[in-house]
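**Student:** Next up is a structure, given as structure tokens.
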There are 2 protein chains.
Amino acid sequence: MPEATRRAVEVAPCGSTAGEHRRDAQGTRRLLLDAASQLFAERGYERATVRDIASRAGVNQALLFRYFGSKKALFGEVMARGGHEQLRATPPERLFEVALRGMLDEGGGPGADRSLEVCLRSIGGSDEIGEALRGLGDEYADVLATLARAEDGALRGDLALSWLLGIGLMRVVVGKEPLASADPDTVCRLAGEALAALLEGAPKAE
Amino acid sequence: MPEATRRAVEVAPCGSTAGEHRRDAQGTRRLLLDAASQLFAERGYERATVRDIASRAGVNQALLFRYFGSKKALFGEVMARGGHEQLRATPPERLFEVALRGMLDEGGGPGADRSLEVCLRSIGGSDEIGEALRGLGDEYADVLATLARAEDGALRGDLALSWLLGIGLMRVVVGKEPLASADPDTVCRLAGEALAALLEGAPKAE
DNA sequence: CCTTGGTGTAAGCACCTGCTTACATACCGT
DNA sequence: ACGGTATGTAAGCAGGTGCTTACACCAAGG
């Protein structure tokens, strides 16, 4: 090893300011996970860069790769962490309304589940990302399908999920007026009534 | 068959050697427009690169910038060319069904209107792109709103459009089963019935 | 003390992006 | 024929991307 490596960079030690940043792998891992969750929700997968994520977490981007291996793996962990909680905690007959309100009340606190929003904003991305998103969609659609009593319940469940995501798309991502500013209660009522017609409609053309 | 469409353009009268590129600005401009239309529909705005577009058109990418100035301007021309035709040629009460079928019958010939598909696949993109897409969405929603007789017709129109795009999203972009393989007639019937409930529902909660 | 291994960082790599420039070539009026 | 110009091309630029590497630090453990 050459002697020149002894050269000091004279950079301020990270912990010198009030000792705030202790060396804690789990902690910074979580910082990265939180920052990624926010940025994926705000910009989608492609437009959220690893530099932005690391910057928001306040750490070096190399740590992101040390702890998660790749941007895609990080995305996978973010989706796995948030996505399924709401699904398990909500009874099927209320799932549509709860998920819809989750998207309508956008500023619903920092801990709100924004995985559907992440889905919407990331949809144009690479095929591997689409794969991950399809998984979450399948789970929602399966639950919704149980609400339709007709034999083609799975298809009706897909159509219900389509509407759920379509509404989120128009309101949150596109910002289409008057939908974007509409009262969540009104939107839920209108959608709920038509949804009932969908799920309880005649099972076959006759 | 993208190769066939390339040589199908015959604008200039002089039809000499088949393999050679006649120098025809209008012709290559149109080649670029066609290639861009296809690639934007297949991959969305961001993932369709100018190199790919020029390559599919069989010309040098520098020509793309000579004729259109920028990728965004090219996108604008593509959207302006295709988007509004279907809207004008369709009576309002059939718009939902026609647009829905336009997305369900995906391989509907090379001249089919795929602007809605372009919208869906480009949604995650930059804000300026979102602006362009919002314009087309507004036109559709305005027409759909006239179908609702209630005073909140505009909101119901937005919800109808949300569903239209949501179905396209799930079927074309995500490929969600069983929706992706479902019979278009069945999908149209299910959606149409519930849509009627939406548009003709009670005007106010009371 | 000093080694050792986990934690943090700056710098860089290879590639891709939209876009530009300098140059070659074919067409057309004279 | 010929020169000017419209048309086409190859090469390159500046910036951004995910990801890697070489190195500095800090806290334990001998």
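Each chain in the structure tokens gets a letter, A, B, ..., in the order shown, and its residues are numbered from 1; ligands are numbered from 1 in order too.
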Considering only C-alpha atoms (C1' of nucleotides), return as number ranges by chain whatever protein or nucleic-acid residues lie within 10 Å of region 26-30 of chain C, sequence-local ones (same chain, fewer than 5 positions apart) excluded.
**Tutor:** B: 22-23; D: 2-8
**Student:** Counting only C-alpha atoms (C1' of nucleotides), which residues of chain A fall within 8 Å of chain D, and what is the closest atom pair for each with its distance in Å at one decimal, ordered by chain and rising number, as a Markdown table?
**Tutor:**
| residue | atom | partner | partner_atom | distance |
| --- | --- | --- | --- | --- |
| A:Pro13 | CA | D:DC25 | C1' | 7.8 |
| A:Thr49 | CA | D:DT17 | C1' | 7.8 |
| A:Val50 | CA | D:DG18 | C1' | 7.6 |
| A:Phe65 | CA | D:DC19 | C1' | 7.7 |
| A:Ser70 | CA | D:DC19 | C1' | 8.0 |
| A:Lys71 | CA | D:DG18 | C1' | 7.7 |
**Student:** Any chance you can output those residues with N, CA and C atoms as an mmCIF file, in the first residue's frame?
**Tutor:**
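For reference, again17.cif as written:
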data_model
loop_
_atom_site.group_PDB
_atom_site.id
_atom_site.type_symbol
_atom_site.label_atom_id
_atom_site.label_comp_id
_atom_site.auth_asym_id
_atom_site.auth_seq_id
_atom_site.Cartn_x
_atom_site.Cartn_y
_atom_site.Cartn_z
ATOM 1 N N PRO A 13 -16.197 15.224 10.625
ATOM 2 C CA PRO A 13 -16.748 13.919 11.014
ATOM 3 C C PRO A 13 -18.261 13.988 11.077
ATOM 4 N N THR A 49 -34.815 8.846 -8.428
ATOM 5 C CA THR A 49 -33.458 8.356 -8.613
ATOM 6 C C THR A 49 -32.849 7.914 -7.283
ATOM 7 N N VAL A 50 -31.873 7.029 -7.367
ATOM 8 C CA VAL A 50 -31.220 6.562 -6.145
ATOM 9 C C VAL A 50 -30.514 7.717 -5.449
ATOM 10 N N PHE A 65 -26.991 0.725 -1.969
ATOM 11 C CA PHE A 65 -26.642 -0.514 -2.665
ATOM 12 C C PHE A 65 -26.054 -1.543 -1.699
ATOM 13 N N SER A 70 -29.842 -3.344 -5.135
ATOM 14 C CA SER A 70 -30.196 -2.653 -6.374
ATOM 15 C C SER A 70 -31.430 -1.816 -6.132
ATOM 16 N N LYS A 71 -31.699 -0.914 -7.056
ATOM 17 C CA LYS A 71 -32.887 -0.063 -6.949
ATOM 18 C C LYS A 71 -34.154 -0.910 -7.005
#
**Student:** Give me, please, the distance in Å between CA of Gly192 (chain B) and CA of Ala145 (chain B), quoted to one decimal.
**Tutor:** 15.3 Å
**Student:** Could you work out which residues of chain C fall inside 8 Å of chain A? Count only C-alpha atoms (C1' of nucleotides), and format the result as a short mmCIF file (atom, residue, chain, number, x, y, z; two decimals) with C-alpha atoms (C1' of nucleotides), in the first residue's frame.
**Tutor:**
data_model
loop_
_atom_site.label_atom_id
_atom_site.label_comp_id
_atom_site.auth_asym_id
_atom_site.auth_seq_id
_atom_site.Cartn_x
_atom_site.Cartn_y
_atom_site.Cartn_z
"C1'" DT C 7 -20.39 1.92 8.88
"C1'" DG C 8 -19.91 6.01 6.24
"C1'" DT C 9 -18.20 8.81 2.21
#
**Student:** Pick out each residue of region 109-187 of chain B that DSSP on the backbone tags as helix (DSSP H, G or I); I need them as a PyMOL selection string.
**Tutor:** chain B and resi 115-122+127-145+153-174+179-181+184-187
**Student:** What are the closest atom pairs, with distances in Å to one decimal, for all residues of chain A lying within 7 Å of chain B? Consider only C-alpha atoms, order rows by chain and residue number, and present the result as CSV.
**Tutor:**
residue,atom,partner,partner_atom,distance
A:Gly44,CA,B:Gly124,CA,6.6
A:Arg121,CA,B:Gly124,CA,5.0
A:Ser122,CA,B:Gly124,CA,6.3
A:Gly124,CA,B:Arg121,CA,5.0
A:Gly130,CA,B:Val174,CA,6.6
A:Arg134,CA,B:Val174,CA,6.7
A:Ala154,CA,B:Pro178,CA,6.8
A:Leu155,CA,B:Leu179,CA,5.7
A:Asp158,CA,B:Leu179,CA,6.1
A:Leu159,CA,B:Ile167,CA,6.5
A:Ser162,CA,B:Gly166,CA,4.4
A:Trp163,CA,B:Trp163,CA,4.5
A:Leu165,CA,B:Gly166,CA,5.8
A:Gly166,CA,B:Gly166,CA,3.9
A:Ile167,CA,B:Ser162,CA,5.0
A:Met170,CA,B:Ser162,CA,6.0
A:Val174,CA,B:Gly130,CA,6.7
A:Pro178,CA,B:Leu155,CA,5.9
A:Leu179,CA,B:Leu155,CA,5.7
A:Leu190,CA,B:Leu198,CA,6.7
A:Ala194,CA,B:Leu198,CA,5.0
A:Leu195,CA,B:Ala194,CA,6.7
A:Ala197,CA,B:Ala194,CA,5.2
A:Leu198,CA,B:Ala194,CA,5.0
**Student:** Would you kindly return, as an NGL selection string, each protein, DNA or RNA residue with an atom no farther than 7 Å from any atom of region 28-36 of chain A, considering only C-alpha atoms (C1' of nucleotides) and excluding same-chain residues fewer than 3 positions away?
**Tutor:** :A and (24-25 or 39-40 or 53-54 or 56-57 or 64 or 67 or 78)
**Student:** Keeping only C-alpha atoms, write the selected residues as a JSON list (two decimals), in the first residue's frame.
**Tutor:**
[["chain", "number", "residue", "atom", "x", "y", "z"],
["A", 24, "ASP", "CA", -26.71, 2.30, 13.22],
["A", 25, "ALA", "CA", -27.18, 0.08, 10.22],
["A", 39, "LEU", "CA", -40.23, 9.34, -3.44],
["A", 40, "PHE", "CA", -41.70, 6.33, -5.21],
["A", 53, "ILE", "CA", -33.60, 8.73, -2.27],
["A", 54, "ALA", "CA", -30.23, 8.64, -0.54],
["A", 56, "ARG", "CA", -33.64, 12.54, 1.32],
["A", 57, "ALA", "CA", -32.55, 9.85, 3.74],
["A", 64, "LEU", "CA", -28.42, 2.09, -0.59],
["A", 67, "TYR", "CA", -28.20, -2.60, 2.12],
["A", 78, "VAL", "CA", -40.98, -0.90, -0.17]]
**Student:** Can you tell me how far CA of Gln86 (chain A) sits from CA of Gly102 (chain A), in Å to one decimal?
**Tutor:**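 One can read the CA of Gln86 (chain A) to CA of Gly102 (chain A) distance as 9.7 Å.
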**Student:** So which residues touch Leu87 (chain B) within 10 Å, counting only C-alpha atoms (C1' of nucleotides), skipping near sequence neighbours fewer than 2 positions away, as a ChimeraX atom specification?
**Tutor:** /B:82-85,89-92,95,98-99,136,139-140,143
**Student:** So that I have them on file, write out the residues from the current selection with N, CA and C atoms, as a PDB file, in the first residue's frame.
**Tutor:**
ATOM      1  N   GLY B  82     -53.804  11.936 -34.017  1.00  0.00           N
ATOM      2  CA  GLY B  82     -54.723  10.825 -33.841  1.00  0.00           C
ATOM      3  C   GLY B  82     -55.863  11.073 -32.884  1.00  0.00           C
ATOM      4  N   GLY B  83     -55.622  11.832 -31.835  1.00  0.00           N
ATOM      5  CA  GLY B  83     -56.525  11.841 -30.711  1.00  0.00           C
ATOM      6  C   GLY B  83     -57.954  12.253 -30.970  1.00  0.00           C
ATOM      7  N   HIS B  84     -58.127  13.311 -31.717  1.00  0.00           N
ATOM      8  CA  HIS B  84     -59.435  13.924 -31.721  1.00  0.00           C
ATOM      9  C   HIS B  84     -60.384  13.368 -32.781  1.00  0.00           C
ATOM     10  N   GLU B  85     -59.849  12.559 -33.683  1.00  0.00           N
ATOM     11  CA  GLU B  85     -60.715  12.063 -34.756  1.00  0.00           C
ATOM     12  C   GLU B  85     -61.864  11.233 -34.205  1.00  0.00           C
ATOM     13  N   ALA B  89     -65.942  11.848 -34.428  1.00  0.00           N
ATOM     14  CA  ALA B  89     -66.709  10.971 -35.299  1.00  0.00           C
ATOM     15  C   ALA B  89     -67.710  10.103 -34.545  1.00  0.00           C
ATOM     16  N   THR B  90     -67.723  10.218 -33.224  1.00  0.00           N
ATOM     17  CA  THR B  90     -68.566   9.313 -32.439  1.00  0.00           C
ATOM     18  C   THR B  90     -69.648  10.097 -31.704  1.00  0.00           C
ATOM     19  N   PRO B  91     -70.904   9.655 -31.813  1.00  0.00           N
ATOM     20  CA  PRO B  91     -71.970  10.318 -31.037  1.00  0.00           C
ATOM     21  C   PRO B  91     -71.753  10.063 -29.548  1.00  0.00           C
ATOM     22  N   PRO B  92     -72.058  11.033 -28.712  1.00  0.00           N
ATOM     23  CA  PRO B  92     -71.761  10.955 -27.280  1.00  0.00           C
ATOM     24  C   PRO B  92     -72.236   9.668 -26.621  1.00  0.00           C
ATOM     25  N   LEU B  95     -69.822   6.939 -27.113  1.00  0.00           N
ATOM     26  CA  LEU B  95     -68.389   7.199 -26.940  1.00  0.00           C
ATOM     27  C   LEU B  95     -67.726   6.192 -26.016  1.00  0.00           C
ATOM     28  N   VAL B  98     -67.400   2.807 -27.754  1.00  0.00           N
ATOM     29  CA  VAL B  98     -66.445   2.828 -28.867  1.00  0.00           C
ATOM     30  C   VAL B  98     -65.012   2.938 -28.361  1.00  0.00           C
ATOM     31  N   ALA B  99     -64.814   3.843 -27.403  1.00  0.00           N
ATOM     32  CA  ALA B  99     -63.457   4.005 -26.871  1.00  0.00           C
ATOM     33  C   ALA B  99     -63.009   2.740 -26.152  1.00  0.00           C
ATOM     34  N   LEU B 136     -56.516  15.925 -23.755  1.00  0.00           N
ATOM     35  CA  LEU B 136     -57.346  14.908 -24.391  1.00  0.00           C
ATOM     36  C   LEU B 136     -58.371  14.355 -23.408  1.00  0.00           C
ATOM     37  N   GLU B 139     -61.433  16.530 -23.028  1.00  0.00           N
ATOM     38  CA  GLU B 139     -62.410  16.449 -24.116  1.00  0.00           C
ATOM     39  C   GLU B 139     -63.312  15.232 -23.956  1.00  0.00           C
ATOM     40  N   TYR B 140     -62.713  14.110 -23.624  1.00  0.00           N
ATOM     41  CA  TYR B 140     -63.522  12.913 -23.416  1.00  0.00           C
ATOM     42  C   TYR B 140     -64.502  13.119 -22.259  1.00  0.00           C
ATOM     43  N   VAL B 143     -67.572  15.235 -23.050  1.00  0.00           N
ATOM     44  CA  VAL B 143     -68.612  14.535 -23.795  1.00  0.00           C
ATOM     45  C   VAL B 143     -69.370  13.585 -22.877  1.00  0.00           C
TER      46      VAL B 143
END
